[in-house]
$ cat my_file-v3.pdb   # PDB, C-alpha atoms and all ligand atoms
ATOM      1  CA  GLN S   1     -12.694  -6.572   2.488  1.00  0.00           C
ATOM      2  CA  PRO S   2     -10.545  -9.566   1.539  1.00  0.00           C
ATOM      3  CA  LEU S   3      -9.869  -9.787  -2.188  1.00  0.00           C
ATOM      4  CA  ALA S   4      -9.077 -12.829  -4.305  1.00  0.00           C
ATOM      5  CA  VAL S   5      -6.013 -11.755  -6.290  1.00  0.00           C
ATOM      6  CA  GLY S   6      -6.635 -14.154  -9.166  1.00  0.00           C
ATOM      7  CA  GLU S   7     -10.085 -12.760  -9.823  1.00  0.00           C
ATOM      8  CA  VAL S   8      -8.858  -9.149  -9.676  1.00  0.00           C
ATOM      9  CA  LEU S   9      -6.076  -9.940 -12.167  1.00  0.00           C
ATOM     10  CA  SER S  10      -8.221 -11.876 -14.612  1.00  0.00           C
ATOM     11  CA  ASP S  11     -10.774  -9.042 -14.598  1.00  0.00           C
ATOM     12  CA  ALA S  12      -7.929  -6.602 -15.300  1.00  0.00           C
ATOM     13  CA  ALA S  13      -6.692  -8.774 -18.167  1.00  0.00           C
ATOM     14  CA  ASP S  14     -10.231  -8.852 -19.561  1.00  0.00           C
ATOM     15  CA  ARG S  15     -10.291  -5.051 -19.670  1.00  0.00           C
ATOM     16  CA  PHE S  16      -7.265  -5.129 -21.996  1.00  0.00           C
ATOM     17  CA  THR S  17      -8.131  -8.025 -24.317  1.00  0.00           C
ATOM     18  CA  VAL S  18      -9.537  -5.821 -27.079  1.00  0.00           C
ATOM     19  CA  GLN S  19      -6.551  -3.426 -27.049  1.00  0.00           C
ATOM     20  CA  CYS S  20      -4.155  -6.361 -27.066  1.00  0.00           C
ATOM     21  CA  GLU S  21      -5.973  -8.077 -29.918  1.00  0.00           C
ATOM     22  CA  GLN S  22      -5.810  -4.862 -31.932  1.00  0.00           C
ATOM     23  CA  LYS S  23      -2.020  -4.749 -31.508  1.00  0.00           C
ATOM     24  CA  GLU S  24      -1.686  -8.534 -31.826  1.00  0.00           C
ATOM     25  CA  ILE S  25      -0.101  -8.590 -28.386  1.00  0.00           C
ATOM     26  CA  ASP S  26      -0.179 -11.949 -26.645  1.00  0.00           C
ATOM     27  CA  LEU S  27      -1.501 -11.287 -23.118  1.00  0.00           C
ATOM     28  CA  ARG S  28      -0.679 -14.042 -20.637  1.00  0.00           C
ATOM     29  CA  LEU S  29      -1.792 -14.506 -17.046  1.00  0.00           C
ATOM     30  CA  HIS S  30       0.110 -16.830 -14.684  1.00  0.00           C
ATOM     31  CA  LEU S  31      -1.294 -17.324 -11.204  1.00  0.00           C
ATOM     32  CA  SER S  32       0.632 -19.515  -8.815  1.00  0.00           C
ATOM     33  CA  ASP S  33      -1.133 -21.615  -6.246  1.00  0.00           C
ATOM     34  CA  PRO S  34      -1.800 -20.958  -3.392  1.00  0.00           C
ATOM     35  CA  LEU S  35      -2.379 -17.211  -3.444  1.00  0.00           C
ATOM     36  CA  PRO S  36      -3.292 -15.618  -0.116  1.00  0.00           C
ATOM     37  CA  ARG S  37      -6.181 -13.190  -0.093  1.00  0.00           C
ATOM     38  CA  ILE S  38      -5.295  -9.553   0.451  1.00  0.00           C
ATOM     39  CA  TYR S  39      -6.898  -6.524   2.038  1.00  0.00           C
ATOM     40  CA  ALA S  40      -7.072  -3.798  -0.553  1.00  0.00           C
ATOM     41  CA  ASP S  41      -9.467  -1.254  -1.918  1.00  0.00           C
ATOM     42  CA  ARG S  42     -10.722  -2.872  -5.103  1.00  0.00           C
ATOM     43  CA  ASP S  43     -11.034   0.380  -7.059  1.00  0.00           C
ATOM     44  CA  GLN S  44      -7.541   1.482  -6.099  1.00  0.00           C
ATOM     45  CA  LEU S  45      -6.029  -1.894  -6.946  1.00  0.00           C
ATOM     46  CA  ASP S  46      -7.816  -1.780 -10.321  1.00  0.00           C
ATOM     47  CA  GLN S  47      -6.307   1.673 -10.825  1.00  0.00           C
ATOM     48  CA  VAL S  48      -2.788   0.341 -10.204  1.00  0.00           C
ATOM     49  CA  LEU S  49      -3.299  -2.534 -12.625  1.00  0.00           C
ATOM     50  CA  ASP S  50      -4.856  -0.309 -15.279  1.00  0.00           C
ATOM     51  CA  ASN S  51      -1.941   2.143 -15.041  1.00  0.00           C
ATOM     52  CA  LEU S  52       0.678  -0.608 -15.340  1.00  0.00           C
ATOM     53  CA  MET S  53      -1.110  -2.532 -18.061  1.00  0.00           C
ATOM     54  CA  SER S  54      -1.886   0.553 -20.122  1.00  0.00           C
ATOM     55  CA  ASN S  55       1.837   1.396 -20.041  1.00  0.00           C
ATOM     56  CA  ALA S  56       2.695  -2.152 -21.074  1.00  0.00           C
ATOM     57  CA  VAL S  57       0.297  -1.992 -24.036  1.00  0.00           C
ATOM     58  CA  LYS S  58       1.336   1.554 -24.958  1.00  0.00           C
ATOM     59  CA  TYR S  59       5.083   0.870 -24.918  1.00  0.00           C
ATOM     60  CA  THR S  60       5.028  -2.594 -26.520  1.00  0.00           C
ATOM     61  CA  PRO S  61       5.087  -2.929 -30.319  1.00  0.00           C
ATOM     62  CA  GLU S  62       2.733  -5.118 -32.330  1.00  0.00           C
ATOM     63  CA  GLY S  63       3.218  -8.848 -32.183  1.00  0.00           C
ATOM     64  CA  LYS S  64       5.002  -8.911 -28.818  1.00  0.00           C
ATOM     65  CA  SER S  65       3.773 -10.165 -25.455  1.00  0.00           C
ATOM     66  CA  ILE S  66       2.723  -9.019 -21.988  1.00  0.00           C
ATOM     67  CA  THR S  67       2.760 -11.354 -18.997  1.00  0.00           C
ATOM     68  CA  VAL S  68       0.976 -10.754 -15.709  1.00  0.00           C
ATOM     69  CA  THR S  69       1.951 -12.999 -12.818  1.00  0.00           C
ATOM     70  CA  ALA S  70       1.063 -13.367  -9.170  1.00  0.00           C
ATOM     71  CA  ARG S  71       2.751 -15.493  -6.540  1.00  0.00           C
ATOM     72  CA  ARG S  72       3.113 -15.795  -2.818  1.00  0.00           C
ATOM     73  CA  ARG S  73       6.429 -14.711  -1.347  1.00  0.00           C
ATOM     74  CA  PHE S  74       8.051 -16.670   1.494  1.00  0.00           C
ATOM     75  CA  ASP S  75       6.702 -14.174   4.049  1.00  0.00           C
ATOM     76  CA  GLY S  76       3.131 -14.389   2.737  1.00  0.00           C
ATOM     77  CA  PHE S  77       3.166 -11.144   0.783  1.00  0.00           C
ATOM     78  CA  VAL S  78       1.700 -11.389  -2.716  1.00  0.00           C
ATOM     79  CA  ILE S  79       3.982 -10.292  -5.560  1.00  0.00           C
ATOM     80  CA  ILE S  80       2.248  -9.095  -8.713  1.00  0.00           C
ATOM     81  CA  ALA S  81       4.328  -8.450 -11.828  1.00  0.00           C
ATOM     82  CA  VAL S  82       3.415  -6.863 -15.152  1.00  0.00           C
ATOM     83  CA  SER S  83       6.069  -7.714 -17.694  1.00  0.00           C
ATOM     84  CA  ASP S  84       6.338  -6.574 -21.291  1.00  0.00           C
ATOM     85  CA  THR S  85       8.665  -7.098 -24.246  1.00  0.00           C
ATOM     86  CA  GLY S  86       8.467  -3.495 -25.355  1.00  0.00           C
ATOM     87  CA  ILE S  87      10.820  -0.565 -25.919  1.00  0.00           C
ATOM     88  CA  GLY S  88      12.156  -0.493 -22.370  1.00  0.00           C
ATOM     89  CA  ILE S  89      13.606   2.379 -20.358  1.00  0.00           C
ATOM     90  CA  PRO S  90      17.240   3.545 -20.307  1.00  0.00           C
ATOM     91  CA  LYS S  91      19.030   2.793 -17.023  1.00  0.00           C
ATOM     92  CA  LYS S  92      19.600   6.476 -16.308  1.00  0.00           C
ATOM     93  CA  ASP S  93      15.851   7.159 -16.209  1.00  0.00           C
ATOM     94  CA  LEU S  94      14.879   4.245 -13.945  1.00  0.00           C
ATOM     95  CA  ASP S  95      15.606   6.061 -10.665  1.00  0.00           C
ATOM     96  CA  ARG S  96      13.182   8.854 -11.446  1.00  0.00           C
ATOM     97  CA  ILE S  97      10.432   6.926 -13.197  1.00  0.00           C
ATOM     98  CA  PHE S  98       7.979   6.997 -10.253  1.00  0.00           C
ATOM     99  CA  GLU S  99       8.188  10.802  -9.923  1.00  0.00           C
ATOM    100  CA  ARG S 100       5.146  12.839 -10.877  1.00  0.00           C
ATOM    101  CA  PHE S 101       5.269  14.032 -14.501  1.00  0.00           C
ATOM    102  CA  TYR S 102       8.559  12.240 -15.177  1.00  0.00           C
ATOM    103  CA  ARG S 103       8.594  10.835 -18.695  1.00  0.00           C
ATOM    104  CA  VAL S 104      11.377   9.229 -20.683  1.00  0.00           C
ATOM    105  CA  ASP S 105      12.472  11.066 -23.815  1.00  0.00           C
ATOM    106  CA  LYS S 106      10.201  14.004 -24.582  1.00  0.00           C
ATOM    107  CA  ALA S 107       9.933  13.154 -28.259  1.00  0.00           C
ATOM    108  CA  ARG S 108       8.625   9.642 -27.758  1.00  0.00           C
ATOM    109  CA  SER S 109       6.396  10.793 -24.914  1.00  0.00           C
ATOM    110  CA  ARG S 110       4.758  13.492 -26.972  1.00  0.00           C
ATOM    111  CA  SER S 111       3.867  11.050 -29.725  1.00  0.00           C
ATOM    112  CA  MET S 112       2.449   8.592 -27.177  1.00  0.00           C
ATOM    113  CA  GLY S 113       0.292  10.990 -25.169  1.00  0.00           C
ATOM    114  CA  GLY S 114      -0.265  10.883 -21.415  1.00  0.00           C
ATOM    115  CA  THR S 115       0.713  13.077 -18.501  1.00  0.00           C
ATOM    116  CA  GLY S 116       3.410  11.125 -16.670  1.00  0.00           C
ATOM    117  CA  LEU S 117       1.248  10.496 -13.614  1.00  0.00           C
ATOM    118  CA  GLY S 118       0.354   6.812 -14.017  1.00  0.00           C
ATOM    119  CA  LEU S 119       3.355   5.371 -12.184  1.00  0.00           C
ATOM    120  CA  ALA S 120       3.344   8.043  -9.450  1.00  0.00           C
ATOM    121  CA  ILE S 121      -0.300   7.210  -8.695  1.00  0.00           C
ATOM    122  CA  ALA S 122       0.440   3.473  -8.718  1.00  0.00           C
ATOM    123  CA  LYS S 123       3.297   3.963  -6.240  1.00  0.00           C
ATOM    124  CA  GLU S 124       1.160   6.094  -3.953  1.00  0.00           C
ATOM    125  CA  ILE S 125      -1.607   3.475  -3.856  1.00  0.00           C
ATOM    126  CA  VAL S 126       0.721   0.500  -3.368  1.00  0.00           C
ATOM    127  CA  GLU S 127       2.542   2.226  -0.507  1.00  0.00           C
ATOM    128  CA  THR S 128      -0.644   3.263   1.305  1.00  0.00           C
ATOM    129  CA  HIS S 129      -1.570  -0.430   1.202  1.00  0.00           C
ATOM    130  CA  GLY S 130       1.709  -1.367   2.889  1.00  0.00           C
ATOM    131  CA  GLY S 131       3.431  -2.651  -0.242  1.00  0.00           C
ATOM    132  CA  LYS S 132       6.409  -1.696  -2.389  1.00  0.00           C
ATOM    133  CA  ILE S 133       6.722  -1.145  -6.128  1.00  0.00           C
ATOM    134  CA  THR S 134       9.843  -1.509  -8.274  1.00  0.00           C
ATOM    135  CA  MET S 135      10.692  -1.386 -11.936  1.00  0.00           C
ATOM    136  CA  ASP S 136      13.293  -3.332 -13.899  1.00  0.00           C
ATOM    137  CA  SER S 137      13.899  -2.564 -17.503  1.00  0.00           C
ATOM    138  CA  ARG S 138      16.329  -3.289 -20.282  1.00  0.00           C
ATOM    139  CA  TYR S 139      16.335  -0.604 -22.917  1.00  0.00           C
ATOM    140  CA  GLY S 140      15.138  -2.121 -26.165  1.00  0.00           C
ATOM    141  CA  PHE S 141      14.099  -5.432 -24.590  1.00  0.00           C
ATOM    142  CA  GLY S 142      11.304  -4.892 -22.107  1.00  0.00           C
ATOM    143  CA  THR S 143      10.108  -3.779 -18.731  1.00  0.00           C
ATOM    144  CA  THR S 144       8.838  -5.461 -15.582  1.00  0.00           C
ATOM    145  CA  VAL S 145       6.999  -3.649 -12.815  1.00  0.00           C
ATOM    146  CA  ARG S 146       6.579  -5.607  -9.574  1.00  0.00           C
ATOM    147  CA  PHE S 147       4.571  -4.692  -6.524  1.00  0.00           C
ATOM    148  CA  THR S 148       3.798  -6.387  -3.256  1.00  0.00           C
ATOM    149  CA  LEU S 149       0.706  -6.411  -1.082  1.00  0.00           C
ATOM    150  CA  PRO S 150       0.383  -7.799   2.422  1.00  0.00           C
ATOM    151  CA  PRO S 151      -1.788 -10.887   2.980  1.00  0.00           C
ATOM    152  CA  CYS S 152      -4.985 -10.759   5.047  1.00  0.00           C
ATOM    153  CA  GLU S 153      -3.613 -12.930   7.818  1.00  0.00           C
ATOM    154  CA  PRO S 154      -0.027 -13.088   8.956  1.00  0.00           C
ATOM    155  CA  GLU S 155       1.499 -16.489   8.411  1.00  0.00           C
ATOM    156  CA  VAL S 156       1.579 -18.831  11.358  1.00  0.00           C
ATOM    157  CA  VAL S 157       5.238 -19.585  12.036  1.00  0.00           C
ATOM    158  CA  ARG S 158       5.869 -23.105  13.207  1.00  0.00           C
TER     159      ARG S 158
HETATM  160  P1  LIG S 201      -0.028   8.613 -18.065  1.00  0.00           P
HETATM  161  O1  LIG S 201       0.173   7.263 -17.425  1.00  0.00           O
HETATM  162  O2  LIG S 201      -0.220   9.691 -17.060  1.00  0.00           O
HETATM  163  O3  LIG S 201      -1.032   8.593 -19.146  1.00  0.00           O
HETATM  164  P2  LIG S 201       2.651   8.130 -18.941  1.00  0.00           P
HETATM  165  O4  LIG S 201       2.309   6.721 -19.349  1.00  0.00           O
HETATM  166  O5  LIG S 201       3.620   8.866 -19.784  1.00  0.00           O
HETATM  167  O6  LIG S 201       1.348   9.005 -18.805  1.00  0.00           O
HETATM  168  P3  LIG S 201       3.662   6.975 -16.500  1.00  0.00           P
HETATM  169  O7  LIG S 201       2.700   5.848 -16.606  1.00  0.00           O
HETATM  170  O8  LIG S 201       3.892   7.558 -15.147  1.00  0.00           O
HETATM  171  O9  LIG S 201       3.242   8.157 -17.453  1.00  0.00           O
HETATM  172  O10 LIG S 201       5.069   6.514 -17.080  1.00  0.00           O
HETATM  173  C1  LIG S 201       6.159   7.444 -17.060  1.00  0.00           C
HETATM  174  C2  LIG S 201       7.089   7.185 -18.224  1.00  0.00           C
HETATM  175  O11 LIG S 201       7.741   5.948 -18.051  1.00  0.00           O
HETATM  176  C3  LIG S 201       6.381   7.078 -19.573  1.00  0.00           C
HETATM  177  O12 LIG S 201       6.260   8.333 -20.191  1.00  0.00           O
HETATM  178  C4  LIG S 201       7.317   6.168 -20.357  1.00  0.00           C
HETATM  179  O13 LIG S 201       8.347   6.918 -20.965  1.00  0.00           O
HETATM  180  C5  LIG S 201       7.929   5.297 -19.287  1.00  0.00           C
HETATM  181  N1  LIG S 201       7.280   3.960 -19.176  1.00  0.00           N
HETATM  182  C6  LIG S 201       6.340   3.586 -18.282  1.00  0.00           C
HETATM  183  N2  LIG S 201       6.003   2.297 -18.426  1.00  0.00           N
HETATM  184  C7  LIG S 201       6.758   1.829 -19.443  1.00  0.00           C
HETATM  185  C8  LIG S 201       6.893   0.562 -20.100  1.00  0.00           C
HETATM  186  N3  LIG S 201       6.161  -0.504 -19.700  1.00  0.00           N
HETATM  187  N4  LIG S 201       7.779   0.445 -21.118  1.00  0.00           N
HETATM  188  C9  LIG S 201       8.526   1.513 -21.497  1.00  0.00           C
HETATM  189  N5  LIG S 201       8.448   2.738 -20.945  1.00  0.00           N
HETATM  190  C10 LIG S 201       7.583   2.905 -19.931  1.00  0.00           C
HETATM  191 MG    MG S 202       1.090   5.564 -18.036  1.00  0.00          MG
END
$ encode --input "my_file-v3.pdb" --output "structure tokens"
Amino acid sequence: QPLAVGEVLSDAADRFTVQCEQKEIDLRLHLSDPLPRIYADRDQLDQVLDNLMSNAVKYTPEGKSITVTARRRFDGFVIIAVSDTGIGIPKKDLDRIFERFYRVDKARSRSMGGTGLGLAIAKEIVETHGGKITMDSRYGFGTTVRFTLPPCEPEVVR
């Protein structure tokens, strides 16, 4: 069933408002116009967003910000990005971050809790929907996870 991306993202943001308020994290949502509708399983897409946003909240200190954006790429694909200003990930770990159970720095991971499955599940879901997921991070400055999803209708090329 076709999904309106903006609605899915604002519902996801709503699920994190209380957690963000508690950490005094400024949660921003930027939706560009127009956004094509996408075919995706709503529960699975919610799962991806919850995994990415829970990481962003977990790994971002008090008083910082998280930005969620969506825009249409030139080829019609929708690009969704979850960006934080948190602790970041060292370059050497970035290649392996989507592996099951892979976690950066055992000490920090133990204190944070979790199993190391969130990103692996997100990748699995995005790829079964025909999209791609990538992560950019600067250690100590912040992290951005981007994923794409195909639009309902291919663009008409003129
Ligand atoms: P789970 O999601 O299963 O509860 P987790 O959050 O540790 O556990 P993933 O979501 O797969 O597992 O993330 C893997 C690792 O990547 C994390 O342990 C953390 O070290 C690092 N990481 C993920 N997202 C971020 C982020 N936004 N900022 C900094 N580090 C991150
Ligand atoms: Mg996680």
$ closest_residue --input "my_file-v3.pdb" --among "S:Arg96, S:Lys58, S:Lys132, S:Arg28" --to "ligand MG 202 (chain S)" --atoms "all atoms listed in the file"
S:Lys58
$ resolve_selection --input "my_file-v3.pdb" --expression "the PyMOL selection byres (((chain S and resi 50-57) around 8) and not hetatm)" --output "VMD selection string"
chain S and resid 12 16 19 to 20 25 46 to 49 58 to 61 66 82 to 84 86 118 to 119 122 143 145
$ closest_residue --input "my_file-v3.pdb" --among "S:Asp75, S:Glu127, S:Glu99, S:Glu21" --to "ligand MG 202 (chain S)" --atoms "all atoms listed in the file"
S:Glu99
$ atom_distance --input "my_file-v3.pdb" --atom1 "atom CA of S:Leu45" --atom2 "atom CA of S:Val18"
20.8 Å
$ closest_residue --input "my_file-v3.pdb" --among "S:Pro36, S:Pro2, S:Gly114, S:Pro90" --to "ligand LIG 201 (chain S)" --atoms "all atoms listed in the file"
S:Gly114
$ closest_residue --input "my_file-v3.pdb" --among "S:Phe141, S:Gly116, S:Glu124, S:His129" --to "ligand MG 202 (chain S)" --atoms "all atoms listed in the file"
S:Gly116
$ atom_distance --input "my_file-v3.pdb" --atom1 "atom CA of S:Asp33" --atom2 "atom CA of S:Ser10"
14.7 Å
$ residues_around --input "my_file-v3.pdb" --residues "S:Val104" --least-positions-apart "6" --cutoff "8 Å" --atoms "all atoms listed in the file" --output "short mmCIF file (atom, residue, chain, number, x, y, z; two decimals) with C-alpha atoms, in the coordinates of the input"
data_model
loop_
_atom_site.label_atom_id
_atom_site.label_comp_id
_atom_site.auth_asym_id
_atom_site.auth_seq_id
_atom_site.Cartn_x
_atom_site.Cartn_y
_atom_site.Cartn_z
CA ILE S 89 13.61 2.38 -20.36
CA ASP S 93 15.85 7.16 -16.21
CA ILE S 97 10.43 6.93 -13.20
#
$ resolve_selection --input "my_file-v3.pdb" --expression "the PyMOL selection byres (((chain S and resi 8) around 12) and not hetatm)" --output "MDAnalysis selection string"
chainID S and resid 2:7 9:15 29 31 37:38 40:50 68:70 80
$ closest_residue --input "my_file-v3.pdb" --among "S:Glu153, S:Gly140, S:Ile125, S:Arg103" --to "ligand LIG 201 (chain S)" --atoms "only C-alpha atoms and all ligand atoms"
S:Arg103
$ closest_residue --input "my_file-v3.pdb" --among "S:Gly63, S:Gly130, S:Pro151, S:Gly113" --to "ligand MG 202 (chain S)" --atoms "all atoms listed in the file"
S:Gly113
$ residues_around --input "my_file-v3.pdb" --residues "S:Phe77" --least-positions-apart "5" --cutoff "7 Å" --atoms "only C-alpha atoms" --output "ChimeraX atom specification"
/S:72,148-151
$ atom_distance --input "my_file-v3.pdb" --atom1 "atom N2 of ligand LIG 201 (chain S)" --atom2 "atom CA of S:Thr115"
12.0 Å
$ residues_around --input "my_file-v3.pdb" --residues "S:Leu94" --least-positions-apart "6" --cutoff "10 Å" --atoms "all atoms listed in the file" --output "MDAnalysis selection string"
chainID S and resid 104 134:138
$ axis_aligned_box --input "my_file-v3.pdb" --around "stretch 13-22 of chain S" --padding-each-side "3 Å" --output "JSON"
{"center_x": -7.2, "center_y": -6.1, "center_z": -25.0, "size_x": 12.1, "size_y": 11.4, "size_z": 19.8}
$ residues_around --input "my_file-v3.pdb" --residues "S:Ser65" --least-positions-apart "2" --cutoff "6 Å" --atoms "all atoms listed in the file" --output "list in words"
Ile25, Asp26, Leu27 and Thr85 of chain S
$ build_atoms --input "my_file-v3.pdb" --residues "stretch 15-30 of chain S" --atoms "N, CA and C atoms" --output "tab-separated table (two decimals), in the frame of the given file"
chain	number	residue	atom	x	y	z
S	15	ARG	N	-10.12	-6.44	-19.23
S	15	ARG	CA	-10.29	-5.05	-19.67
S	15	ARG	C	-9.32	-4.68	-20.79
S	16	PHE	N	-8.26	-5.46	-20.97
S	16	PHE	CA	-7.26	-5.13	-22.00
S	16	PHE	C	-7.27	-6.09	-23.19
S	17	THR	N	-8.19	-7.04	-23.22
S	17	THR	CA	-8.13	-8.02	-24.32
S	17	THR	C	-8.33	-7.37	-25.68
S	18	VAL	N	-9.27	-6.43	-25.77
S	18	VAL	CA	-9.54	-5.82	-27.08
S	18	VAL	C	-8.32	-5.04	-27.57
S	19	GLN	N	-7.76	-4.18	-26.68
S	19	GLN	CA	-6.55	-3.43	-27.05
S	19	GLN	C	-5.40	-4.33	-27.46
S	20	CYS	N	-5.25	-5.44	-26.74
S	20	CYS	CA	-4.16	-6.36	-27.07
S	20	CYS	C	-4.42	-7.05	-28.40
S	21	GLU	N	-5.64	-7.45	-28.63
S	21	GLU	CA	-5.97	-8.08	-29.92
S	21	GLU	C	-5.68	-7.13	-31.07
S	22	GLN	N	-6.03	-5.84	-30.86
S	22	GLN	CA	-5.81	-4.86	-31.93
S	22	GLN	C	-4.33	-4.73	-32.27
S	23	LYS	N	-3.46	-4.86	-31.26
S	23	LYS	CA	-2.02	-4.75	-31.51
S	23	LYS	C	-1.36	-6.11	-31.67
S	24	GLU	N	-2.20	-7.15	-31.73
S	24	GLU	CA	-1.69	-8.53	-31.83
S	24	GLU	C	-0.65	-8.82	-30.74
S	25	ILE	N	-0.95	-8.31	-29.55
S	25	ILE	CA	-0.10	-8.59	-28.39
S	25	ILE	C	-0.67	-9.80	-27.66
S	26	ASP	N	0.21	-10.73	-27.36
S	26	ASP	CA	-0.18	-11.95	-26.64
S	26	ASP	C	-0.19	-11.63	-25.15
S	27	LEU	N	-1.36	-11.62	-24.54
S	27	LEU	CA	-1.50	-11.29	-23.12
S	27	LEU	C	-1.64	-12.57	-22.30
S	28	ARG	N	-0.68	-12.80	-21.42
S	28	ARG	CA	-0.68	-14.04	-20.64
S	28	ARG	C	-0.87	-13.74	-19.15
S	29	LEU	N	-1.55	-14.65	-18.49
S	29	LEU	CA	-1.79	-14.51	-17.05
S	29	LEU	C	-1.34	-15.78	-16.36
S	30	HIS	N	-0.38	-15.66	-15.43
S	30	HIS	CA	0.11	-16.83	-14.68
S	30	HIS	C	-0.14	-16.62	-13.20
